[in-house]
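A.B. asks: Below: one structure in structure tokens.
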Amino acid sequence: MNSKATAVRKTDVTTSTSARRQIVYEAISGGTGLLLALFMWGHVVLVGSILTGERGFDWLATFLEDYYIAQPTVFAIIVLFLVHAALAARKIPSQLKERKRILRLAKGLSRSGREQVATRTEHSPFRPHVESMLWIWQVRTGLVMLVLGSFHLVLMAMDILTPLYGEIAGIESATSMARVSAGLWLPYAVLLLCVEFHASVGLYRLAIKWGADLWMSRAVMHLVERIIFWVILFLGAVTLVVLAGWMDPPLAFLLDGAAS
Ligand code: HEM
């Protein structure tokens, strides 16, 4: 085999190794994203237990801690969160020049279809490019989550594992409500909005990437994505309002007859 053919073969092997590596990265970032989204639905139920009142919230937190479910879960979520962020971040442009280009692209995309065409009075035939805008917002919300989510996870690990917050090592409604009403409601509200957008759009994009649009139309998937977004956002927002002490728990009647 001559040297040219050997060089071509080497390039082929390198390309296929790197393509295989990219598929593995894709599967891991998709898999960790899926697990985190499923966890966030469970999180809505767990934190949402405050809707039944402080007794319901404390009972669930104590149950998960006494049976050593909360302690390993917080570590598992931290690992999933970091692995997902590290692998998903490989697609974010790293150079300032590229970021500026993305910014210009985002502006152009959100305007497209709305601007007047210079030579004509009617609107441009191009509709705003929803799918590309979703990707750009996926990146933006991901960056916000990296900061606020890391803070929240460290806070939760310290709360569950040390007696630094409250009377005991573990989550208590009194301390959770005290810190939310003292001002954490604001970063939590931003985090909530980013998480729900990121998770519902992430699931939609993941489904398309792995071929779900072969048996379901994109319009239906978009609809499902929007329903998930609004339902979970509504539940999270009501939970936050109750945690902040601005509203009485609306489901307190469910535990009215229960023994304390
Ligand atoms: C095992 C890990 C986690 C535990 C034990 C946990 C627990 C809690 C608890 C107890 C609260 C009530 C507020 C407080 O006590 O400060 C809360 C609120 C919240 N958490 Fe987490 N959390 C975890 C992971 C996450 C992750 C990964 C995210 C998103 C990145 C997240 C997003 C939120 C948001 C947005 C709120 C505001 C309340 C709401 O849902 O409306 N949490 N979490």
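In the structure tokens, chains take letters A, B, ... by order of appearance, with residues numbered from 1 within each chain and ligands from 1 in the order shown.
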Report as a list in words all protein, DNA and RNA residues lying within 12 Å of Arg205 (chain A), evaluated on only C-alpha atoms, omitting residues in the same chain fewer than 3 positions from it.

C.D. replies: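 Skipping anything fewer than 3 positions along the chain leaves Gly30, Gly33, Leu34, Glu131, Ser132, Leu134, Trp135, Gln138, Phe197, His198, Ala199, Ser200, Val201, Gly202, Ile208, Lys209, Trp210, Gly211, Ala212, Asp213, Arg218, Met221, His222 and Glu225 of chain A.
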
A.B. asks: Among the residues of region 33-257 of chain A, find those DSSP assigns to helix (DSSP H, G or I) from the backbone and print them as JSON, numbers by chain.

C.D. replies: {"A": [33, 34, 35, 36, 37, 38, 39, 40, 41, 42, 43, 44, 45, 46, 47, 48, 49, 50, 51, 52, 54, 55, 56, 57, 58, 59, 60, 61, 62, 63, 64, 65, 66, 70, 71, 72, 73, 74, 75, 76, 77, 78, 79, 80, 81, 82, 83, 84, 85, 86, 87, 88, 89, 90, 91, 96, 97, 98, 99, 100, 101, 102, 103, 104, 105, 106, 107, 108, 109, 110, 111, 130, 131, 132, 133, 134, 135, 136, 137, 138, 139, 140, 141, 142, 143, 144, 145, 146, 147, 148, 149, 150, 151, 152, 153, 154, 155, 156, 157, 158, 159, 160, 161, 173, 174, 175, 176, 177, 178, 179, 180, 181, 182, 183, 184, 185, 186, 187, 188, 189, 190, 191, 192, 193, 194, 195, 196, 197, 198, 199, 200, 201, 202, 203, 204, 205, 206, 207, 208, 209, 212, 213, 214, 218, 219, 220, 221, 222, 223, 224, 225, 226, 227, 228, 229, 230, 231, 232, 233, 234, 235, 236, 237, 238, 239, 240, 241, 242, 243, 252, 253, 254, 255]}

A.B. asks: At a cut-off of 12 Å, can you tabulate as a tab-separated table every residue of region 164-218 of chain A near region 148-153 of chain A together with its closest atom pair and the distance in Å to one decimal, using only C-alpha atoms and ordering rows by chain then number?

C.D. replies:
```
residue	atom	partner	partner_atom	distance
A:Ser176	CA	A:His152	CA	11.8
A:Arg179	CA	A:His152	CA	11.9
A:Val180	CA	A:His152	CA	11.7
A:Leu184	CA	A:His152	CA	10.0
A:Trp185	CA	A:His152	CA	11.9
A:Leu186	CA	A:Leu148	CA	10.9
A:Pro187	CA	A:Leu148	CA	7.0
A:Tyr188	CA	A:Leu148	CA	8.0
A:Ala189	CA	A:Leu148	CA	10.5
A:Val190	CA	A:Leu148	CA	8.6
A:Leu191	CA	A:Leu148	CA	6.4
A:Leu192	CA	A:Gly149	CA	9.8
A:Leu193	CA	A:Leu148	CA	11.7
A:Cys194	CA	A:Leu148	CA	9.9
A:Val195	CA	A:Gly149	CA	8.9
```

A.B. asks: Write a file of the just-selected residues containing N, CA and C atoms, as an mmCIF file, in the first residue's frame.

C.D. replies:
```cif
data_model
loop_
_atom_site.group_PDB
_atom_site.id
_atom_site.type_symbol
_atom_site.label_atom_id
_atom_site.label_comp_id
_atom_site.auth_asym_id
_atom_site.auth_seq_id
_atom_site.Cartn_x
_atom_site.Cartn_y
_atom_site.Cartn_z
ATOM 1 N N SER A 176 -37.058 25.566 55.106
ATOM 2 C CA SER A 176 -37.293 25.794 53.670
ATOM 3 C C SER A 176 -38.134 27.051 53.471
ATOM 4 N N ARG A 179 -36.185 30.373 54.361
ATOM 5 C CA ARG A 179 -35.222 30.898 53.376
ATOM 6 C C ARG A 179 -35.904 31.349 52.084
ATOM 7 N N VAL A 180 -36.992 30.653 51.704
ATOM 8 C CA VAL A 180 -37.692 31.087 50.481
ATOM 9 C C VAL A 180 -38.326 32.464 50.712
ATOM 10 N N LEU A 184 -35.044 33.873 48.803
ATOM 11 C CA LEU A 184 -34.651 32.860 47.802
ATOM 12 C C LEU A 184 -35.739 32.628 46.756
ATOM 13 N N TRP A 185 -36.954 33.194 47.000
ATOM 14 C CA TRP A 185 -38.030 33.009 46.018
ATOM 15 C C TRP A 185 -37.616 33.562 44.651
ATOM 16 N N LEU A 186 -36.785 34.614 44.657
ATOM 17 C CA LEU A 186 -36.423 35.241 43.381
ATOM 18 C C LEU A 186 -35.507 34.335 42.530
ATOM 19 N N PRO A 187 -34.330 33.901 43.071
ATOM 20 C CA PRO A 187 -33.539 32.971 42.241
ATOM 21 C C PRO A 187 -34.285 31.676 41.937
ATOM 22 N N TYR A 188 -35.135 31.214 42.884
ATOM 23 C CA TYR A 188 -35.908 29.985 42.625
ATOM 24 C C TYR A 188 -36.905 30.199 41.484
ATOM 25 N N ALA A 189 -37.503 31.404 41.418
ATOM 26 C CA ALA A 189 -38.477 31.669 40.339
ATOM 27 C C ALA A 189 -37.765 31.644 38.979
ATOM 28 N N VAL A 190 -36.569 32.256 38.930
ATOM 29 C CA VAL A 190 -35.802 32.263 37.669
ATOM 30 C C VAL A 190 -35.400 30.830 37.313
ATOM 31 N N LEU A 191 -34.925 30.091 38.347
ATOM 32 C CA LEU A 191 -34.489 28.700 38.123
ATOM 33 C C LEU A 191 -35.657 27.853 37.618
ATOM 34 N N LEU A 192 -36.818 28.050 38.262
ATOM 35 C CA LEU A 192 -38.011 27.273 37.884
ATOM 36 C C LEU A 192 -38.352 27.480 36.400
ATOM 37 N N LEU A 193 -38.374 28.741 35.989
ATOM 38 C CA LEU A 193 -38.709 29.066 34.604
ATOM 39 C C LEU A 193 -37.686 28.423 33.644
ATOM 40 N N CYS A 194 -36.406 28.561 33.983
ATOM 41 C CA CYS A 194 -35.346 28.016 33.122
ATOM 42 C C CYS A 194 -35.423 26.488 33.078
ATOM 43 N N VAL A 195 -35.609 25.853 34.257
ATOM 44 C CA VAL A 195 -35.634 24.381 34.307
ATOM 45 C C VAL A 195 -36.799 23.840 33.476
#
```

A.B. asks: Suppose you want the space between CA of Ala89 (chain A) and CA of Ala157 (chain A); what is it in Å?

C.D. replies: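 About the pair CA of Ala89 (chain A) and CA of Ala157 (chain A): they are 24.2 Å apart.
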
A.B. asks: Give me the residues within 10 Å of Ile28 (chain A) as a VMD selection string, counting only C-alpha atoms and dropping any in the same chain fewer than 5 places off.

C.D. replies: chain A and resid 22 to 23 33 to 34 80 83 to 84 87 to 88

A.B. asks: Counting only C-alpha atoms, figure out which residue out of A:Val242, A:Met216, A:Met156, A:Leu46 gets nearest to Ile78 (chain A).

C.D. replies: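 Answer, going by the shortest atom-to-atom distance: A:Met156.
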
A.B. asks: Name the closest residue to ligand 1 among the candidates A:Leu64, A:Val24, A:Leu103, A:Leu164; distances are taken between atoms, counting only C-alpha atoms and all ligand atoms.

C.D. replies: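 Closest to ligand 1 of all the choices is A:Leu64.
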
A.B. asks: Can you tell me how far CA of Ala106 (chain A) sits from atom 35 (C, counted along the ligand's line) of ligand 1, in Å to one decimal?

C.D. replies: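 Atom-to-atom, CA of Ala106 (chain A) to atom 35 (C, counted along the ligand's line) of ligand 1, that is 26.0 Å.
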
A.B. asks: Between CA of Thr52 (chain A) and CA of Asp248 (chain A), measure the distance and give it in Å to one decimal.

C.D. replies: 9.4 Å

A.B. asks: Identify, on the basis of only C-alpha atoms, every residue whose closest approach to region 230-234 of chain A does not exceed 8 Å; exclude the query and any residue fewer than 3 positions from it along the same chain; express the result as number ranges by chain.

C.D. replies: A: 41, 44, 192-193, 196, 226-227, 237-238

A.B. asks: Within 12 Å of Gly42 (chain A), counting only C-alpha atoms, which residues qualify if same-chain residues fewer than 5 places away don't, as a ChimeraX atom specification?

C.D. replies: /A:35-37,47-49,73,232,236

A.B. asks: So, counting only C-alpha atoms, which residue among A:Ala178, A:Leu60, A:Ile168, A:Leu82 is closest to Gly142 (chain A)?

C.D. replies: A:Leu82

A.B. asks: Which is closest to ligand 1 among A:Tyr165, A:Trp137, A:Tyr25, A:Tyr67, if we use only C-alpha atoms and all ligand atoms?

C.D. replies: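 Ranked by minimum distance to ligand 1, first place goes to A:Tyr165.
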
A.B. asks: Go through A:Glu98, A:Glu54, A:Asp66, A:Asp159 one by one, measure the shortest atom-to-atom distance of each to ligand 1 using only C-alpha atoms and all ligand atoms, and give the residue with the smallest value.

C.D. replies: A:Asp159
